[in-house]
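Undergrad: Sharing my_file06.pdb here; it has PDB, C-alpha atoms and all ligand atoms.
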ATOM      1  CA  MET E   1      24.681  -5.478   8.545  1.00  0.00           C
ATOM      2  CA  ILE E   2      23.725  -6.379  12.072  1.00  0.00           C
ATOM      3  CA  ASN E   3      21.098  -8.799  13.252  1.00  0.00           C
ATOM      4  CA  SER E   4      19.364  -9.116  16.574  1.00  0.00           C
ATOM      5  CA  SER E   5      16.242 -10.868  17.800  1.00  0.00           C
ATOM      6  CA  SER E   6      16.093  -8.760  20.974  1.00  0.00           C
ATOM      7  CA  THR E   7      12.794  -6.889  21.263  1.00  0.00           C
ATOM      8  CA  VAL E   8      14.415  -3.839  22.847  1.00  0.00           C
ATOM      9  CA  SER E   9      17.294  -1.600  21.850  1.00  0.00           C
ATOM     10  CA  LEU E  10      16.918  -2.431  18.176  1.00  0.00           C
ATOM     11  CA  LYS E  11      17.763   0.563  16.025  1.00  0.00           C
ATOM     12  CA  ILE E  12      15.260   1.349  13.305  1.00  0.00           C
ATOM     13  CA  ALA E  13      16.037   3.772  10.477  1.00  0.00           C
ATOM     14  CA  PHE E  14      12.933   5.611   9.286  1.00  0.00           C
ATOM     15  CA  GLY E  15      12.669   7.461   5.995  1.00  0.00           C
ATOM     16  CA  CYS E  16       9.798   8.992   4.065  1.00  0.00           C
ATOM     17  CA  ASP E  17       8.815  11.480   1.395  1.00  0.00           C
ATOM     18  CA  HIS E  18       6.262  14.269   1.814  1.00  0.00           C
ATOM     19  CA  ALA E  19       3.334  11.873   1.333  1.00  0.00           C
ATOM     20  CA  GLY E  20       4.605   9.641   4.089  1.00  0.00           C
ATOM     21  CA  TYR E  21       5.659  12.316   6.542  1.00  0.00           C
ATOM     22  CA  PRO E  22       2.684  12.288   8.980  1.00  0.00           C
ATOM     23  CA  LEU E  23       2.732   8.485   9.204  1.00  0.00           C
ATOM     24  CA  HIS E  24       6.529   8.550   9.556  1.00  0.00           C
ATOM     25  CA  ILE E  25       6.242  10.814  12.607  1.00  0.00           C
ATOM     26  CA  HIS E  26       3.540   8.595  14.089  1.00  0.00           C
ATOM     27  CA  LEU E  27       5.535   5.388  13.615  1.00  0.00           C
ATOM     28  CA  ILE E  28       8.727   6.885  15.009  1.00  0.00           C
ATOM     29  CA  GLY E  29       6.765   7.667  18.160  1.00  0.00           C
ATOM     30  CA  LEU E  30       5.214   4.212  18.238  1.00  0.00           C
ATOM     31  CA  ALA E  31       8.593   2.519  17.882  1.00  0.00           C
ATOM     32  CA  ALA E  32      10.107   4.672  20.633  1.00  0.00           C
ATOM     33  CA  SER E  33       7.173   3.920  22.948  1.00  0.00           C
ATOM     34  CA  HIS E  34       7.923   0.199  22.551  1.00  0.00           C
ATOM     35  CA  GLY E  35      11.584   0.583  23.464  1.00  0.00           C
ATOM     36  CA  TYR E  36      13.094   0.692  20.000  1.00  0.00           C
ATOM     37  CA  THR E  37      15.610   3.368  19.034  1.00  0.00           C
ATOM     38  CA  PRO E  38      14.413   5.285  15.982  1.00  0.00           C
ATOM     39  CA  ILE E  39      16.868   6.962  13.628  1.00  0.00           C
ATOM     40  CA  ASP E  40      15.122   9.714  11.681  1.00  0.00           C
ATOM     41  CA  CYS E  41      16.550   9.855   8.151  1.00  0.00           C
ATOM     42  CA  GLY E  42      13.959  12.438   7.021  1.00  0.00           C
ATOM     43  CA  THR E  43      12.267  14.022   5.258  1.00  0.00           C
ATOM     44  CA  PHE E  44      11.528  16.570   7.936  1.00  0.00           C
ATOM     45  CA  ASP E  45       8.352  18.300   6.718  1.00  0.00           C
ATOM     46  CA  GLN E  46       5.692  17.992   4.035  1.00  0.00           C
ATOM     47  CA  SER E  47       7.557  19.945   1.341  1.00  0.00           C
ATOM     48  CA  SER E  48       7.714  17.970  -1.890  1.00  0.00           C
ATOM     49  CA  VAL E  49      10.801  15.766  -2.150  1.00  0.00           C
ATOM     50  CA  ASP E  50      11.949  12.778  -4.200  1.00  0.00           C
ATOM     51  CA  TYR E  51      11.445   9.423  -2.477  1.00  0.00           C
ATOM     52  CA  PRO E  52      14.642   7.766  -3.861  1.00  0.00           C
ATOM     53  CA  ASP E  53      16.766  10.227  -1.873  1.00  0.00           C
ATOM     54  CA  TYR E  54      15.257   9.005   1.399  1.00  0.00           C
ATOM     55  CA  ALA E  55      15.257   5.366   0.364  1.00  0.00           C
ATOM     56  CA  LEU E  56      19.016   5.736  -0.171  1.00  0.00           C
ATOM     57  CA  LYS E  57      19.544   7.297   3.276  1.00  0.00           C
ATOM     58  CA  VAL E  58      17.799   4.385   4.991  1.00  0.00           C
ATOM     59  CA  VAL E  59      19.532   1.788   2.806  1.00  0.00           C
ATOM     60  CA  GLU E  60      22.921   3.282   3.626  1.00  0.00           C
ATOM     61  CA  THR E  61      22.100   3.352   7.350  1.00  0.00           C
ATOM     62  CA  VAL E  62      21.079  -0.324   7.350  1.00  0.00           C
ATOM     63  CA  LYS E  63      24.003  -1.426   5.183  1.00  0.00           C
ATOM     64  CA  ALA E  64      26.447   0.452   7.416  1.00  0.00           C
ATOM     65  CA  GLY E  65      25.161  -1.501  10.419  1.00  0.00           C
ATOM     66  CA  GLU E  66      23.910   1.659  12.076  1.00  0.00           C
ATOM     67  CA  ALA E  67      20.355   0.287  12.120  1.00  0.00           C
ATOM     68  CA  ASN E  68      19.000  -3.247  12.430  1.00  0.00           C
ATOM     69  CA  TYR E  69      16.048  -2.524  10.155  1.00  0.00           C
ATOM     70  CA  GLY E  70      14.597   0.234   8.036  1.00  0.00           C
ATOM     71  CA  VAL E  71      11.115   1.578   7.470  1.00  0.00           C
ATOM     72  CA  LEU E  72      10.319   3.520   4.298  1.00  0.00           C
ATOM     73  CA  ILE E  73       7.056   5.340   3.721  1.00  0.00           C
ATOM     74  CA  CYS E  74       5.797   7.065   0.589  1.00  0.00           C
ATOM     75  CA  GLY E  75       2.316   7.496  -0.838  1.00  0.00           C
ATOM     76  CA  THR E  76       1.960   3.925  -2.020  1.00  0.00           C
ATOM     77  CA  GLY E  77       5.077   2.235  -0.639  1.00  0.00           C
ATOM     78  CA  ILE E  78       5.846   1.126  -4.182  1.00  0.00           C
ATOM     79  CA  GLY E  79       8.431   3.726  -5.143  1.00  0.00           C
ATOM     80  CA  MET E  80      10.314   3.211  -1.917  1.00  0.00           C
ATOM     81  CA  SER E  81      10.371  -0.562  -2.366  1.00  0.00           C
ATOM     82  CA  ILE E  82      11.600  -0.308  -5.944  1.00  0.00           C
ATOM     83  CA  ALA E  83      14.357   2.111  -4.947  1.00  0.00           C
ATOM     84  CA  ALA E  84      15.502   0.148  -1.897  1.00  0.00           C
ATOM     85  CA  ASN E  85      15.541  -3.216  -3.649  1.00  0.00           C
ATOM     86  CA  ARG E  86      18.110  -1.964  -6.175  1.00  0.00           C
ATOM     87  CA  HIS E  87      20.746  -2.381  -3.466  1.00  0.00           C
ATOM     88  CA  PRO E  88      22.462  -5.749  -2.848  1.00  0.00           C
ATOM     89  CA  GLY E  89      21.785  -7.073   0.632  1.00  0.00           C
ATOM     90  CA  ILE E  90      18.563  -5.122   0.947  1.00  0.00           C
ATOM     91  CA  ARG E  91      15.312  -7.048   1.068  1.00  0.00           C
ATOM     92  CA  ALA E  92      12.571  -4.439   1.176  1.00  0.00           C
ATOM     93  CA  ALA E  93       9.030  -5.727   1.661  1.00  0.00           C
ATOM     94  CA  HIS E  94       6.028  -3.651   0.664  1.00  0.00           C
ATOM     95  CA  CYS E  95       3.311  -4.635   3.124  1.00  0.00           C
ATOM     96  CA  SER E  96      -0.287  -3.659   3.752  1.00  0.00           C
ATOM     97  CA  THR E  97      -1.297  -6.339   6.247  1.00  0.00           C
ATOM     98  CA  GLU E  98      -0.028  -7.781   9.530  1.00  0.00           C
ATOM     99  CA  TYR E  99       0.337 -11.170   7.830  1.00  0.00           C
ATOM    100  CA  GLU E 100       2.561  -9.795   5.077  1.00  0.00           C
ATOM    101  CA  ALA E 101       4.722  -7.930   7.587  1.00  0.00           C
ATOM    102  CA  THR E 102       5.131 -11.066   9.713  1.00  0.00           C
ATOM    103  CA  VAL E 103       5.977 -13.377   6.829  1.00  0.00           C
ATOM    104  CA  ALA E 104       8.265 -10.789   5.256  1.00  0.00           C
ATOM    105  CA  ARG E 105      10.540 -11.368   8.248  1.00  0.00           C
ATOM    106  CA  GLN E 106       9.875 -15.093   8.782  1.00  0.00           C
ATOM    107  CA  HIS E 107      10.269 -16.213   5.161  1.00  0.00           C
ATOM    108  CA  ASN E 108      11.967 -13.377   3.301  1.00  0.00           C
ATOM    109  CA  LYS E 109      14.286 -12.044   6.012  1.00  0.00           C
ATOM    110  CA  ALA E 110      13.198  -8.581   4.985  1.00  0.00           C
ATOM    111  CA  ASN E 111      15.341  -5.853   6.455  1.00  0.00           C
ATOM    112  CA  ILE E 112      13.253  -2.917   5.287  1.00  0.00           C
ATOM    113  CA  LEU E 113       9.490  -2.488   5.649  1.00  0.00           C
ATOM    114  CA  CYS E 114       7.794  -0.298   3.040  1.00  0.00           C
ATOM    115  CA  LEU E 115       4.402   1.215   3.730  1.00  0.00           C
ATOM    116  CA  GLY E 116       1.951   3.270   1.665  1.00  0.00           C
ATOM    117  CA  ALA E 117       0.582   6.185   3.649  1.00  0.00           C
ATOM    118  CA  ARG E 118      -2.139   6.815   1.057  1.00  0.00           C
ATOM    119  CA  VAL E 119      -3.147   3.165   1.103  1.00  0.00           C
ATOM    120  CA  ILE E 120      -3.363   2.103   4.740  1.00  0.00           C
ATOM    121  CA  GLY E 121      -4.352   3.967   7.874  1.00  0.00           C
ATOM    122  CA  ILE E 122      -2.171   4.589  10.883  1.00  0.00           C
ATOM    123  CA  GLY E 123      -3.720   1.716  12.812  1.00  0.00           C
ATOM    124  CA  VAL E 124      -2.882  -0.892  10.204  1.00  0.00           C
ATOM    125  CA  ALA E 125       0.511   0.708   9.623  1.00  0.00           C
ATOM    126  CA  GLY E 126       1.304   0.442  13.326  1.00  0.00           C
ATOM    127  CA  THR E 127       0.204  -3.186  13.374  1.00  0.00           C
ATOM    128  CA  CYS E 128       2.411  -3.903  10.363  1.00  0.00           C
ATOM    129  CA  LEU E 129       5.395  -2.216  11.994  1.00  0.00           C
ATOM    130  CA  MET E 130       5.064  -4.104  15.271  1.00  0.00           C
ATOM    131  CA  ALA E 131       4.541  -7.417  13.479  1.00  0.00           C
ATOM    132  CA  PHE E 132       7.661  -6.776  11.404  1.00  0.00           C
ATOM    133  CA  LEU E 133       9.778  -5.853  14.409  1.00  0.00           C
ATOM    134  CA  LYS E 134       8.643  -8.784  16.555  1.00  0.00           C
ATOM    135  CA  SER E 135       9.022 -11.493  13.903  1.00  0.00           C
ATOM    136  CA  ASP E 136      12.211 -13.436  13.250  1.00  0.00           C
ATOM    137  CA  PHE E 137      13.580 -15.195  10.196  1.00  0.00           C
ATOM    138  CA  LEU E 138      12.868 -18.936  10.264  1.00  0.00           C
ATOM    139  CA  GLY E 139      15.881 -20.040   8.209  1.00  0.00           C
ATOM    140  CA  GLY E 140      15.966 -23.571   6.773  1.00  0.00           C
ATOM    141  CA  ARG E 141      14.252 -23.836   3.399  1.00  0.00           C
ATOM    142  CA  HIS E 142      13.794 -20.070   3.404  1.00  0.00           C
ATOM    143  CA  GLN E 143      17.555 -19.529   3.573  1.00  0.00           C
ATOM    144  CA  THR E 144      17.985 -21.929   0.642  1.00  0.00           C
ATOM    145  CA  ARG E 145      15.636 -19.717  -1.352  1.00  0.00           C
ATOM    146  CA  LEU E 146      17.334 -16.497  -0.291  1.00  0.00           C
ATOM    147  CA  ASN E 147      20.644 -17.937  -1.449  1.00  0.00           C
ATOM    148  CA  LYS E 148      19.186 -18.004  -4.957  1.00  0.00           C
ATOM    149  CA  ILE E 149      18.444 -14.266  -4.753  1.00  0.00           C
ATOM    150  CA  ASP E 150      21.601 -12.951  -3.094  1.00  0.00           C
ATOM    151  CA  LEU E 151      24.095 -14.207  -5.642  1.00  0.00           C
ATOM    152  CA  PRO E 152      27.800 -14.010  -4.744  1.00  0.00           C
TER     153      PRO E 152
HETATM  154  C1  LIG J 201       4.370  11.261  -4.340  1.00  0.00           C
HETATM  155  O1  LIG J 201       3.343  11.989  -4.931  1.00  0.00           O
HETATM  156  C2  LIG J 201       4.226   9.782  -4.671  1.00  0.00           C
HETATM  157  O2  LIG J 201       4.455   9.559  -6.017  1.00  0.00           O
HETATM  158  C3  LIG J 201       5.156   8.966  -3.812  1.00  0.00           C
HETATM  159  O3  LIG J 201       4.884   9.216  -2.476  1.00  0.00           O
HETATM  160  C4  LIG J 201       5.075   7.464  -3.952  1.00  0.00           C
HETATM  161  O4  LIG J 201       3.750   7.020  -3.858  1.00  0.00           O
HETATM  162  C5  LIG J 201       5.774   6.873  -5.092  1.00  0.00           C
HETATM  163  O5  LIG J 201       5.826   5.628  -5.229  1.00  0.00           O
END
Spit out the file's structure as C-alpha cells when you get a sec.

TA:
Amino acid sequence: MINSSSTVSLKIAFGCDHAGYPLHIHLIGLAASHGYTPIDCGTFDQSSVDYPDYALKVVETVKAGEANYGVLICGTGIGMSIAANRHPGIRAAHCSTEYEATVARQHNKANILCLGARVIGIGVAGTCLMAFLKSDFLGGRHQTRLNKIDLP
C-alpha cells in the first residue's frame, strides 16, 4: 500500500452499491474538483447489486497500491465497513461526522472511509470526505495501538 500526505494527485478508489450510487457520483465529482484522482470501481447504475462485491474491488485497489485511499458507500455504510474490515491491512472507518472522519485518519490510520447514503446527506458526506482526505495519521501512541490490531 502507498502513503502520501500530499493534498493533490492522491488516488481515491470509490465503490458503492445501488443505495450509494447517487452519493458515489457526487463524491467522485467533489474529489476531482479538489484535485484528487478518482478511480471508479462501480457500481455504475442503480440496479440492485451486492455491496460485498464492490467492497472487494476497492479493497483490492487499495491493497495493490493503485489507490492511496478508498471510499465505500452503501445505504448505511455498515455492510461496506464489515466487508472491508475482513481484509488484513484494511482499516475501514464508518463515519457520519467531520470529527469521526478526521480522527479516523489521525488516530486510526483509516485507509477506507465508509459512508451511509441513507443516513447522511450529501453536504455532510462531502465534509466527511474532505476531512478524511486532508487529515494525516499522528503516529506515536496511536501506532502502538495499531500494532496490537495488525498482528504479524
Ligand atoms: C441495500 O438495501 C442495503 O442493505 C445496503 O446498501 C447496505 O445498507 C448494507 O449494509

Undergrad: Residues within 10 Å of ligand LIG 201 (chain J), counting all atoms listed in the file: report them as a PyMOL selection string.

TA: chain E and resi 16-21+48-52+73-83+115-119

Undergrad: Name the residues captured by the PyMOL selection byres (((chain E and resi 86-88) around 12) and not hetatm) when it is applied to the shown file; answer as a VMD selection string.

TA: chain E and resid 1 52 55 to 60 62 to 63 79 to 85 89 to 92 111 to 112 149 to 152

Undergrad: For C-alpha atoms, I'd like the residues from the last selection saved as a PDB file, in the frame of the given file.

TA:
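Below is the file that was written, selection.pdb:
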ATOM      1  CA  MET E   1      24.681  -5.478   8.545  1.00  0.00           C
ATOM      2  CA  PRO E  52      14.642   7.766  -3.861  1.00  0.00           C
ATOM      3  CA  ALA E  55      15.257   5.366   0.364  1.00  0.00           C
ATOM      4  CA  LEU E  56      19.016   5.736  -0.171  1.00  0.00           C
ATOM      5  CA  LYS E  57      19.544   7.297   3.276  1.00  0.00           C
ATOM      6  CA  VAL E  58      17.799   4.385   4.991  1.00  0.00           C
ATOM      7  CA  VAL E  59      19.532   1.788   2.806  1.00  0.00           C
ATOM      8  CA  GLU E  60      22.921   3.282   3.626  1.00  0.00           C
ATOM      9  CA  VAL E  62      21.079  -0.324   7.350  1.00  0.00           C
ATOM     10  CA  LYS E  63      24.003  -1.426   5.183  1.00  0.00           C
ATOM     11  CA  GLY E  79       8.431   3.726  -5.143  1.00  0.00           C
ATOM     12  CA  MET E  80      10.314   3.211  -1.917  1.00  0.00           C
ATOM     13  CA  SER E  81      10.371  -0.562  -2.366  1.00  0.00           C
ATOM     14  CA  ILE E  82      11.600  -0.308  -5.944  1.00  0.00           C
ATOM     15  CA  ALA E  83      14.357   2.111  -4.947  1.00  0.00           C
ATOM     16  CA  ALA E  84      15.502   0.148  -1.897  1.00  0.00           C
ATOM     17  CA  ASN E  85      15.541  -3.216  -3.649  1.00  0.00           C
ATOM     18  CA  GLY E  89      21.785  -7.073   0.632  1.00  0.00           C
ATOM     19  CA  ILE E  90      18.563  -5.122   0.947  1.00  0.00           C
ATOM     20  CA  ARG E  91      15.312  -7.048   1.068  1.00  0.00           C
ATOM     21  CA  ALA E  92      12.571  -4.439   1.176  1.00  0.00           C
ATOM     22  CA  ASN E 111      15.341  -5.853   6.455  1.00  0.00           C
ATOM     23  CA  ILE E 112      13.253  -2.917   5.287  1.00  0.00           C
ATOM     24  CA  ILE E 149      18.444 -14.266  -4.753  1.00  0.00           C
ATOM     25  CA  ASP E 150      21.601 -12.951  -3.094  1.00  0.00           C
ATOM     26  CA  LEU E 151      24.095 -14.207  -5.642  1.00  0.00           C
ATOM     27  CA  PRO E 152      27.800 -14.010  -4.744  1.00  0.00           C
TER      28      PRO E 152
END

Undergrad: Calculate how many Å separate atom CA of Leu146 of chain E from atom CA of Ile28 of chain E, rounding to one decimal.

TA: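 Here the two named atoms are 29.2 Å from each other.
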
Undergrad: Report the distance between atom CA of Glu100 of chain E and atom CA of Arg141 of chain E in Å, rounded to one decimal place.

TA: 18.3 Å

Undergrad: Report, in Å with one decimal, the straight-line distance from atom CA of Phe137 of chain E to atom CA of Ala93 of chain E.

TA: 13.5 Å
